[in-house]
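K.L.:
One file: target36.pdb (PDB, C-alpha atoms and all ligand atoms).
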```pdb
ATOM      1  CA  MET A  15       0.000   0.000   0.000
ATOM      2  CA  GLN A  16       1.194   3.499  -0.844
ATOM      3  CA  VAL A  17       0.581   6.697   1.103
ATOM      4  CA  LEU A  18       2.009  10.135   0.344
ATOM      5  CA  GLY A  19       3.992  11.207   3.419
ATOM      6  CA  ILE A  20       4.597  14.914   3.963
ATOM      7  CA  ASP A  21       6.816  16.418   6.643
ATOM      8  CA  ILE A  22       6.148  20.089   7.349
ATOM      9  CA  GLY A  23       9.179  21.767   8.884
ATOM     10  CA  GLY A  24      10.210  25.288   9.755
ATOM     11  CA  SER A  25      12.472  25.603   6.714
ATOM     12  CA  GLY A  26      11.257  22.998   4.245
ATOM     13  CA  ILE A  27       8.189  20.933   3.364
ATOM     14  CA  LYS A  28       9.215  17.488   2.149
ATOM     15  CA  GLY A  29       7.175  14.669   0.706
ATOM     16  CA  ALA A  30       7.373  11.353  -1.092
ATOM     17  CA  PRO A  31       5.155   8.370  -1.779
ATOM     18  CA  VAL A  32       5.912   5.673   0.789
ATOM     19  CA  ASP A  33       5.441   1.919   0.752
ATOM     20  CA  VAL A  34       3.936   1.687   4.230
ATOM     21  CA  GLU A  35       4.511  -2.073   4.524
ATOM     22  CA  GLN A  36       8.251  -1.794   3.887
ATOM     23  CA  GLY A  37       8.826   1.734   5.193
ATOM     24  CA  VAL A  38      10.647   2.914   2.083
ATOM     25  CA  LEU A  39      10.282   5.936  -0.182
ATOM     26  CA  LEU A  40       9.063   4.986  -3.641
ATOM     27  CA  ALA A  41      10.399   8.085  -5.383
ATOM     28  CA  GLU A  42      12.952  10.771  -4.727
ATOM     29  CA  ARG A  43      11.540  13.173  -2.157
ATOM     30  CA  CYS A  44      10.264  16.578  -3.254
ATOM     31  CA  ARG A  45      11.303  19.494  -1.048
ATOM     32  CA  ILE A  46       9.852  22.991  -1.249
ATOM     33  CA  PRO A  47      10.983  25.791   1.095
ATOM     34  CA  THR A  48       8.388  26.578   3.767
ATOM     35  CA  PRO A  49       6.545  29.793   2.834
ATOM     36  CA  ARG A  50       7.765  32.761   4.879
ATOM     37  CA  LEU A  51       5.906  33.022   8.241
ATOM     38  CA  ALA A  52       4.476  29.506   7.690
ATOM     39  CA  LYS A  53       0.846  30.623   7.792
ATOM     40  CA  PRO A  54      -1.841  27.962   7.258
ATOM     41  CA  LYS A  55      -3.043  28.872   3.748
ATOM     42  CA  PRO A  56       0.372  29.200   2.058
ATOM     43  CA  VAL A  57       1.510  25.984   3.773
ATOM     44  CA  ALA A  58      -1.628  24.198   2.486
ATOM     45  CA  LYS A  59      -0.808  25.455  -1.022
ATOM     46  CA  THR A  60       2.694  24.014  -0.738
ATOM     47  CA  VAL A  61       1.286  20.679   0.473
ATOM     48  CA  ALA A  62      -0.946  20.677  -2.622
ATOM     49  CA  GLU A  63       2.070  21.464  -4.818
ATOM     50  CA  ILE A  64       3.843  18.387  -3.479
ATOM     51  CA  ALA A  65       0.760  16.228  -4.133
ATOM     52  CA  ARG A  66       0.607  17.619  -7.697
ATOM     53  CA  HIS A  67       4.305  16.938  -8.215
ATOM     54  CA  PHE A  68       3.577  13.228  -7.673
ATOM     55  CA  GLU A  69       0.184  13.431  -9.466
ATOM     56  CA  TRP A  70      -1.133  12.029  -6.190
ATOM     57  CA  GLN A  71      -4.700  10.818  -5.758
ATOM     58  CA  GLY A  72      -4.568   8.540  -2.742
ATOM     59  CA  PRO A  73      -4.329   8.964   1.028
ATOM     60  CA  ILE A  74      -1.934  11.546   2.493
ATOM     61  CA  GLY A  75      -0.338  11.724   5.946
ATOM     62  CA  CYS A  76       1.180  15.004   7.169
ATOM     63  CA  GLY A  77       3.456  15.665  10.127
ATOM     64  CA  ILE A  78       3.492  19.193  11.528
ATOM     65  CA  PRO A  79       5.417  20.736  14.457
ATOM     66  CA  ALA A  80       2.327  21.267  16.603
ATOM     67  CA  VAL A  81       0.007  19.437  18.958
ATOM     68  CA  VAL A  82      -2.668  17.855  16.762
ATOM     69  CA  GLN A  83      -6.023  16.682  18.089
ATOM     70  CA  GLN A  84      -8.442  15.181  15.573
ATOM     71  CA  GLY A  85      -6.859  17.165  12.741
ATOM     72  CA  ILE A  86      -6.891  20.465  14.638
ATOM     73  CA  THR A  87      -3.534  22.081  15.443
ATOM     74  CA  ARG A  88      -3.397  23.421  18.998
ATOM     75  CA  THR A  89       0.078  24.996  19.337
ATOM     76  CA  SER A  90       2.606  26.844  17.190
ATOM     77  CA  ALA A  91       6.122  26.753  18.653
ATOM     78  CA  ASN A  92       8.052  27.323  15.410
ATOM     79  CA  ILE A  93       5.240  28.041  12.946
ATOM     80  CA  HIS A  94       2.726  30.899  12.629
ATOM     81  CA  GLU A  95       0.329  31.403  15.529
ATOM     82  CA  LYS A  96      -2.612  31.215  13.111
ATOM     83  CA  TRP A  97      -2.213  27.445  13.358
ATOM     84  CA  ILE A  98      -3.643  27.509  16.878
ATOM     85  CA  GLY A  99      -7.171  26.153  16.489
ATOM     86  CA  ALA A 100      -6.840  25.705  12.707
ATOM     87  CA  ASP A 101      -8.414  22.644  11.109
ATOM     88  CA  ALA A 102      -5.209  21.521   9.408
ATOM     89  CA  ALA A 103      -6.700  18.270   8.111
ATOM     90  CA  ALA A 104      -9.600  20.107   6.437
ATOM     91  CA  LEU A 105      -7.271  22.750   4.952
ATOM     92  CA  PHE A 106      -5.001  20.109   3.417
ATOM     93  CA  ARG A 107      -7.958  18.015   2.274
ATOM     94  CA  GLU A 108      -9.481  20.996   0.475
ATOM     95  CA  ALA A 109      -6.136  21.994  -1.050
ATOM     96  CA  THR A 110      -5.286  18.499  -2.347
ATOM     97  CA  GLY A 111      -8.682  16.865  -2.893
ATOM     98  CA  CYS A 112      -7.316  13.786  -1.078
ATOM     99  CA  PRO A 113      -8.070  12.243   2.322
ATOM    100  CA  VAL A 114      -5.499  13.670   4.775
ATOM    101  CA  THR A 115      -4.455  12.654   8.296
ATOM    102  CA  VAL A 116      -2.393  15.163  10.303
ATOM    103  CA  VAL A 117      -0.153  14.246  13.240
ATOM    104  CA  ASN A 118       2.578  15.855  15.314
ATOM    105  CA  ASP A 119       5.928  15.640  13.468
ATOM    106  CA  ALA A 120       7.832  14.010  16.354
ATOM    107  CA  ASP A 121       5.064  11.414  16.758
ATOM    108  CA  ALA A 122       5.402  10.693  13.030
ATOM    109  CA  ALA A 123       9.173  10.200  13.390
ATOM    110  CA  GLY A 124       8.577   7.977  16.422
ATOM    111  CA  MET A 125       6.105   5.806  14.530
ATOM    112  CA  ALA A 126       8.644   5.334  11.723
ATOM    113  CA  GLU A 127      11.396   4.362  14.163
ATOM    114  CA  MET A 128       9.141   1.953  16.065
ATOM    115  CA  ALA A 129       8.026   0.258  12.843
ATOM    116  CA  PHE A 130      11.235   0.247  10.805
ATOM    117  CA  GLY A 131      14.112   1.693  12.830
ATOM    118  CA  ALA A 132      15.848   1.544  16.189
ATOM    119  CA  GLY A 133      12.598   0.840  18.073
ATOM    120  CA  ARG A 134      11.512  -2.131  15.960
ATOM    121  CA  GLY A 135      10.027  -4.823  18.156
ATOM    122  CA  ARG A 136      10.890  -2.936  21.352
ATOM    123  CA  ARG A 137       8.581  -3.386  24.344
ATOM    124  CA  GLY A 138       8.669  -1.272  27.502
ATOM    125  CA  VAL A 139       8.915   2.512  27.475
ATOM    126  CA  VAL A 140      10.600   4.040  24.444
ATOM    127  CA  LEU A 141      11.172   7.771  24.154
ATOM    128  CA  LEU A 142      12.188   9.330  20.862
ATOM    129  CA  VAL A 143      13.684  12.813  20.950
ATOM    130  CA  THR A 144      14.061  14.615  17.620
ATOM    131  CA  ILE A 145      16.572  17.405  17.752
ATOM    132  CA  GLY A 146      16.301  20.195  15.215
ATOM    133  CA  THR A 147      14.963  23.751  15.251
ATOM    134  CA  GLY A 148      12.733  22.472  18.031
ATOM    135  CA  LEU A 149      12.945  19.571  20.447
ATOM    136  CA  GLY A 150      10.233  17.060  19.683
ATOM    137  CA  THR A 151       9.327  13.983  21.704
ATOM    138  CA  SER A 152       7.368  10.838  21.084
ATOM    139  CA  LEU A 153       6.577   8.331  23.823
ATOM    140  CA  PHE A 154       5.618   4.656  23.450
ATOM    141  CA  THR A 155       4.723   1.964  25.899
ATOM    142  CA  ASN A 156       4.825  -1.584  24.505
ATOM    143  CA  GLY A 157       4.679  -0.054  21.041
ATOM    144  CA  VAL A 158       1.606   2.102  21.726
ATOM    145  CA  LEU A 159       2.006   5.857  21.244
ATOM    146  CA  LEU A 160       0.927   8.437  23.808
ATOM    147  CA  PRO A 161       0.472  11.348  21.350
ATOM    148  CA  ASN A 162       1.452  15.008  21.701
ATOM    149  CA  THR A 163       3.817  14.658  24.648
ATOM    150  CA  GLU A 164       5.630  17.994  23.929
ATOM    151  CA  LEU A 165       8.410  17.212  26.382
ATOM    152  CA  GLY A 166      10.704  19.556  24.468
ATOM    153  CA  HIS A 167       9.016  22.333  26.408
ATOM    154  CA  ILE A 168       9.679  21.198  29.950
ATOM    155  CA  GLU A 169      11.339  23.956  31.967
ATOM    156  CA  ILE A 170      14.838  23.515  33.297
ATOM    157  CA  ASN A 171      16.229  26.377  35.388
ATOM    158  CA  HIS A 172      13.200  28.499  34.407
ATOM    159  CA  GLU A 173      13.968  28.071  30.723
ATOM    160  CA  ASP A 174      12.109  26.174  28.002
ATOM    161  CA  ALA A 175      14.411  23.160  27.347
ATOM    162  CA  GLU A 176      14.086  23.674  23.598
ATOM    163  CA  ARG A 177      15.742  27.080  23.931
ATOM    164  CA  SER A 178      18.884  25.615  25.428
ATOM    165  CA  ALA A 179      19.231  22.068  24.084
ATOM    166  CA  SER A 180      17.915  22.117  20.482
ATOM    167  CA  ASP A 181      20.223  22.078  17.489
ATOM    168  CA  ALA A 182      19.125  25.656  16.796
ATOM    169  CA  ALA A 183      20.393  26.578  20.285
ATOM    170  CA  ARG A 184      23.740  24.890  19.557
ATOM    171  CA  LYS A 185      24.131  26.989  16.426
ATOM    172  CA  ARG A 186      22.751  30.201  17.952
ATOM    173  CA  ASP A 187      25.102  30.053  20.947
ATOM    174  CA  GLN A 188      27.994  28.711  18.814
ATOM    175  CA  LEU A 189      28.515  25.886  21.271
ATOM    176  CA  SER A 190      31.266  23.291  21.056
ATOM    177  CA  TRP A 191      30.035  19.692  20.838
ATOM    178  CA  GLU A 192      31.087  19.240  24.437
ATOM    179  CA  ALA A 193      29.181  22.290  25.701
ATOM    180  CA  TRP A 194      26.072  21.362  23.772
ATOM    181  CA  GLY A 195      26.399  17.654  24.624
ATOM    182  CA  LYS A 196      26.381  18.584  28.311
ATOM    183  CA  ARG A 197      23.221  20.665  27.857
ATOM    184  CA  LEU A 198      21.581  17.774  26.026
ATOM    185  CA  ASP A 199      22.628  15.470  28.857
ATOM    186  CA  ILE A 200      20.973  17.696  31.471
ATOM    187  CA  TYR A 201      17.834  17.694  29.355
ATOM    188  CA  LEU A 202      17.778  13.916  28.845
ATOM    189  CA  LYS A 203      18.483  13.236  32.510
ATOM    190  CA  THR A 204      15.597  15.516  33.497
ATOM    191  CA  LEU A 205      13.316  13.608  31.111
ATOM    192  CA  GLU A 206      14.599  10.334  32.439
ATOM    193  CA  ARG A 207      13.590  11.265  35.963
ATOM    194  CA  LEU A 208      10.062  12.000  34.713
ATOM    195  CA  VAL A 209       9.240   9.123  32.385
ATOM    196  CA  TRP A 210      11.917   6.438  33.013
ATOM    197  CA  PRO A 211      12.367   5.179  29.472
ATOM    198  CA  ASP A 212      14.058   1.836  28.804
ATOM    199  CA  LEU A 213      15.308   3.154  25.487
ATOM    200  CA  ILE A 214      15.895   6.691  24.221
ATOM    201  CA  ILE A 215      16.134   7.096  20.445
ATOM    202  CA  LEU A 216      17.801  10.283  19.263
ATOM    203  CA  GLY A 217      16.690  11.610  15.871
ATOM    204  CA  GLY A 218      16.792  14.754  13.779
ATOM    205  CA  GLY A 219      19.555  15.918  11.447
ATOM    206  CA  VAL A 220      22.137  16.370  14.215
ATOM    207  CA  SER A 221      21.793  12.726  15.296
ATOM    208  CA  LYS A 222      23.924  11.788  12.261
ATOM    209  CA  LYS A 223      26.868  13.394  14.069
ATOM    210  CA  TYR A 224      26.327  11.293  17.168
ATOM    211  CA  GLU A 225      30.033  10.464  17.685
ATOM    212  CA  LYS A 226      30.552  14.134  18.533
ATOM    213  CA  PHE A 227      28.127  14.268  21.467
ATOM    214  CA  LEU A 228      27.424  10.705  22.659
ATOM    215  CA  PRO A 229      30.518  10.768  24.935
ATOM    216  CA  TYR A 230      28.843  13.500  27.027
ATOM    217  CA  LEU A 231      25.590  11.643  27.658
ATOM    218  CA  THR A 232      25.342  10.005  31.072
ATOM    219  CA  VAL A 233      21.726   8.829  31.124
ATOM    220  CA  GLN A 234      20.949   5.432  32.531
ATOM    221  CA  ALA A 235      18.622   4.376  29.702
ATOM    222  CA  GLU A 236      19.949   2.646  26.630
ATOM    223  CA  ILE A 237      20.548   5.164  23.840
ATOM    224  CA  ALA A 238      20.065   4.439  20.153
ATOM    225  CA  ILE A 239      20.386   6.636  17.102
ATOM    226  CA  ALA A 240      17.431   6.885  14.726
ATOM    227  CA  GLU A 241      17.930   4.688  11.697
ATOM    228  CA  THR A 242      15.516   6.375   9.335
ATOM    229  CA  PHE A 243      17.234   9.784   9.851
ATOM    230  CA  ASN A 244      15.841  12.468   7.528
ATOM    231  CA  GLU A 245      13.202  10.182   6.144
ATOM    232  CA  ALA A 246      11.578   9.384   9.498
ATOM    233  CA  GLY A 247       9.200  12.342   9.269
ATOM    234  CA  ILE A 248       7.988  11.388   5.792
ATOM    235  CA  ILE A 249       7.719   7.652   6.493
ATOM    236  CA  GLY A 250       5.955   8.188   9.836
ATOM    237  CA  ALA A 251       3.528  10.727   8.356
ATOM    238  CA  ALA A 252       2.665   8.165   5.686
ATOM    239  CA  LEU A 253       2.071   5.503   8.372
ATOM    240  CA  ALA A 254      -0.334   7.881  10.100
ATOM    241  CA  GLY A 255      -2.165   8.418   6.810
ATOM    242  CA  LYS A 256      -2.703   4.712   6.239
ATOM    243  CA  PRO A 257      -6.469   4.239   5.802
TER     244      PRO A 257
HETATM  245  C1  LIG A 301       6.972  21.662  18.894
HETATM  246  C2  LIG A 301       6.616  20.204  18.721
HETATM  247  C3  LIG A 301       7.458  19.565  17.641
HETATM  248  C4  LIG A 301       8.929  19.846  17.871
HETATM  249  C5  LIG A 301       9.814  19.299  16.758
HETATM  250  C6  LIG A 301       8.452  21.818  19.082
HETATM  251  O1  LIG A 301       8.778  23.158  19.151
HETATM  252  O2  LIG A 301       6.291  22.211  20.009
HETATM  253  O3  LIG A 301       5.251  20.075  18.410
HETATM  254  O4  LIG A 301       7.225  18.197  17.600
HETATM  255  O5  LIG A 301       9.162  21.228  17.998
HETATM  256  O6  LIG A 301       9.530  19.905  15.537
END
```
So that I can check it, write out the structure of this file as structure tokens.
P.N.:
Amino acid sequence: MQVLGIDIGGSGIKGAPVDVEQGVLLAERCRIPTPRLAKPKPVAKTVAEIARHFEWQGPIGCGIPAVVQQGITRTSANIHEKWIGADAAALFREATGCPVTVVNDADAAGMAEMAFGAGRGRRGVVLLVTIGTGLGTSLFTNGVLLPNTELGHIEINHEDAERSASDAARKRDQLSWEAWGKRLDIYLKTLERLVWPDLIILGGGVSKKYEKFLPYLTVQAEIAIAETFNEAGIIGAALAGKP
């Protein structure tokens, strides 16, 4: 079965048809820069452009960096505040003419990793942390997702964790790998004390450079690096869109 997976990010919107049984992209992904300000209507237009690029007429799954309840986006950490309360699923459905399911982007990445990556077959509590512009989390118990956990926004020393431990924070503060690795460690240890995961999967673009920061992580949980890397968001969105 094929589903068009679309990953909406702060800088780019990426999509590709996905074989949802195998977890593989069936064509080279199409990437279009996110419209400036990332307001709902221009983003919906871009989603439709990606569907047109693939001449798509089937089901679509979309991941978006927001809390999503029954297709409605409830937050807007790194996208326009007009998303709060917007019916994202209806907007995308109208723009593409296809059935669309919308989920949180970190939950999408988590679903991909649990099905085809480092979390395959894993029981117990698995926490995926995607590190990028934001800090996204996805939490599973015995393979079942607890959606919209938003643990990137826990406060540590009166500061939103995302502001100090994301990859954007590393770049903004021009941190060495050691300095940033230590911040990430404080963040992960704080999470560990709250949800006691058996396995923590680290994803997002920066996870490819894991040799640079793994030496600074002192959490007790087993740590794994996401295996689906950049494609996790697209593959997981497609899984969510499976009819
Ligand atoms: C958002 C989350 C999202 C994460 C990763 C955070 O700022 O609040 O919804 O999953 O960034 O994109």
K.L.:
On this file, the PyMOL selection byres (((not hetatm)) within 7 of (chain A and resi 301)) gives some set of residues; write that set as a PDB file with C-alpha atoms, in the frame of the given file.
P.N.:
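Just written: part.pdb:
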```pdb
ATOM      1  CA  GLY A  23       9.179  21.767   8.884  1.00  0.00           C
ATOM      2  CA  PRO A  79       5.417  20.736  14.457  1.00  0.00           C
ATOM      3  CA  ALA A  80       2.327  21.267  16.603  1.00  0.00           C
ATOM      4  CA  VAL A  81       0.007  19.437  18.958  1.00  0.00           C
ATOM      5  CA  THR A  89       0.078  24.996  19.337  1.00  0.00           C
ATOM      6  CA  SER A  90       2.606  26.844  17.190  1.00  0.00           C
ATOM      7  CA  ALA A  91       6.122  26.753  18.653  1.00  0.00           C
ATOM      8  CA  ASN A  92       8.052  27.323  15.410  1.00  0.00           C
ATOM      9  CA  ASN A 118       2.578  15.855  15.314  1.00  0.00           C
ATOM     10  CA  ASP A 119       5.928  15.640  13.468  1.00  0.00           C
ATOM     11  CA  ALA A 120       7.832  14.010  16.354  1.00  0.00           C
ATOM     12  CA  THR A 144      14.061  14.615  17.620  1.00  0.00           C
ATOM     13  CA  GLY A 146      16.301  20.195  15.215  1.00  0.00           C
ATOM     14  CA  THR A 147      14.963  23.751  15.251  1.00  0.00           C
ATOM     15  CA  GLY A 148      12.733  22.472  18.031  1.00  0.00           C
ATOM     16  CA  LEU A 149      12.945  19.571  20.447  1.00  0.00           C
ATOM     17  CA  GLY A 150      10.233  17.060  19.683  1.00  0.00           C
ATOM     18  CA  THR A 151       9.327  13.983  21.704  1.00  0.00           C
ATOM     19  CA  GLU A 164       5.630  17.994  23.929  1.00  0.00           C
ATOM     20  CA  GLY A 166      10.704  19.556  24.468  1.00  0.00           C
ATOM     21  CA  HIS A 167       9.016  22.333  26.408  1.00  0.00           C
ATOM     22  CA  GLU A 176      14.086  23.674  23.598  1.00  0.00           C
TER      23      GLU A 176
END
```
K.L.:
Looking at all atoms listed in the file, which of A:Gly24, A:Gly77, A:Gly111, A:Pro161 is the one that sits closest to His94 of chain A?
P.N.:
A:Gly24
K.L.:
So which one's closest to Arg137 of chain A, A:Leu153, A:Ala123, A:Leu202, A:Val82? Using all atoms listed in the file, please.
P.N.:
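For Arg137 of chain A, the nearest of the candidates is A:Leu153.
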K.L.:
Report as a PyMOL selection string the residues that result from applying the PyMOL selection byres (((chain A and resi 69) around 12) and not hetatm) to the structure here.
P.N.:
chain A and resi 18+30-31+62-68+70-72+110-112
K.L.:
Please provide the set of residues having any atom within 8 Å of Ile46 of chain A, restricted to all atoms listed in the file, with same-chain residues fewer than 3 positions apart removed, written as a short mmCIF file (atom, residue, chain, number, x, y, z; two decimals) with C-alpha atoms, in the coordinates of the input.
P.N.:
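Done, and the output landed in result.cif:
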```cif
data_model
loop_
_atom_site.label_atom_id
_atom_site.label_comp_id
_atom_site.auth_asym_id
_atom_site.auth_seq_id
_atom_site.Cartn_x
_atom_site.Cartn_y
_atom_site.Cartn_z
CA GLY A 26 11.26 23.00 4.24
CA ILE A 27 8.19 20.93 3.36
CA LYS A 28 9.22 17.49 2.15
CA THR A 60 2.69 24.01 -0.74
CA ILE A 64 3.84 18.39 -3.48
#
```
K.L.:
Report the residues retrieved by the PyMOL selection byres (((chain A and resi 113) around 10) and not hetatm) from the displayed file, expressed as a PyMOL selection string.
P.N.:
chain A and resi 71-75+103-104+106-108+110-112+114-115+255+257
K.L.:
Rank nothing, just name the residue among A:Ile237, A:Leu198, A:Leu105, A:Ile168 nearest to Ser180 of chain A, using only C-alpha atoms.
P.N.:
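Going through A:Ile237, A:Leu198, A:Leu105, A:Ile168 one by one, the smallest distance to Ser180 of chain A is for A:Leu198.
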K.L.:
Scan for residues within 8 Å of the point (-6.7, 23.3, 16.4) in the coordinates of the file, using all atoms listed in the file, and reply as a count of residues only.
P.N.:
13
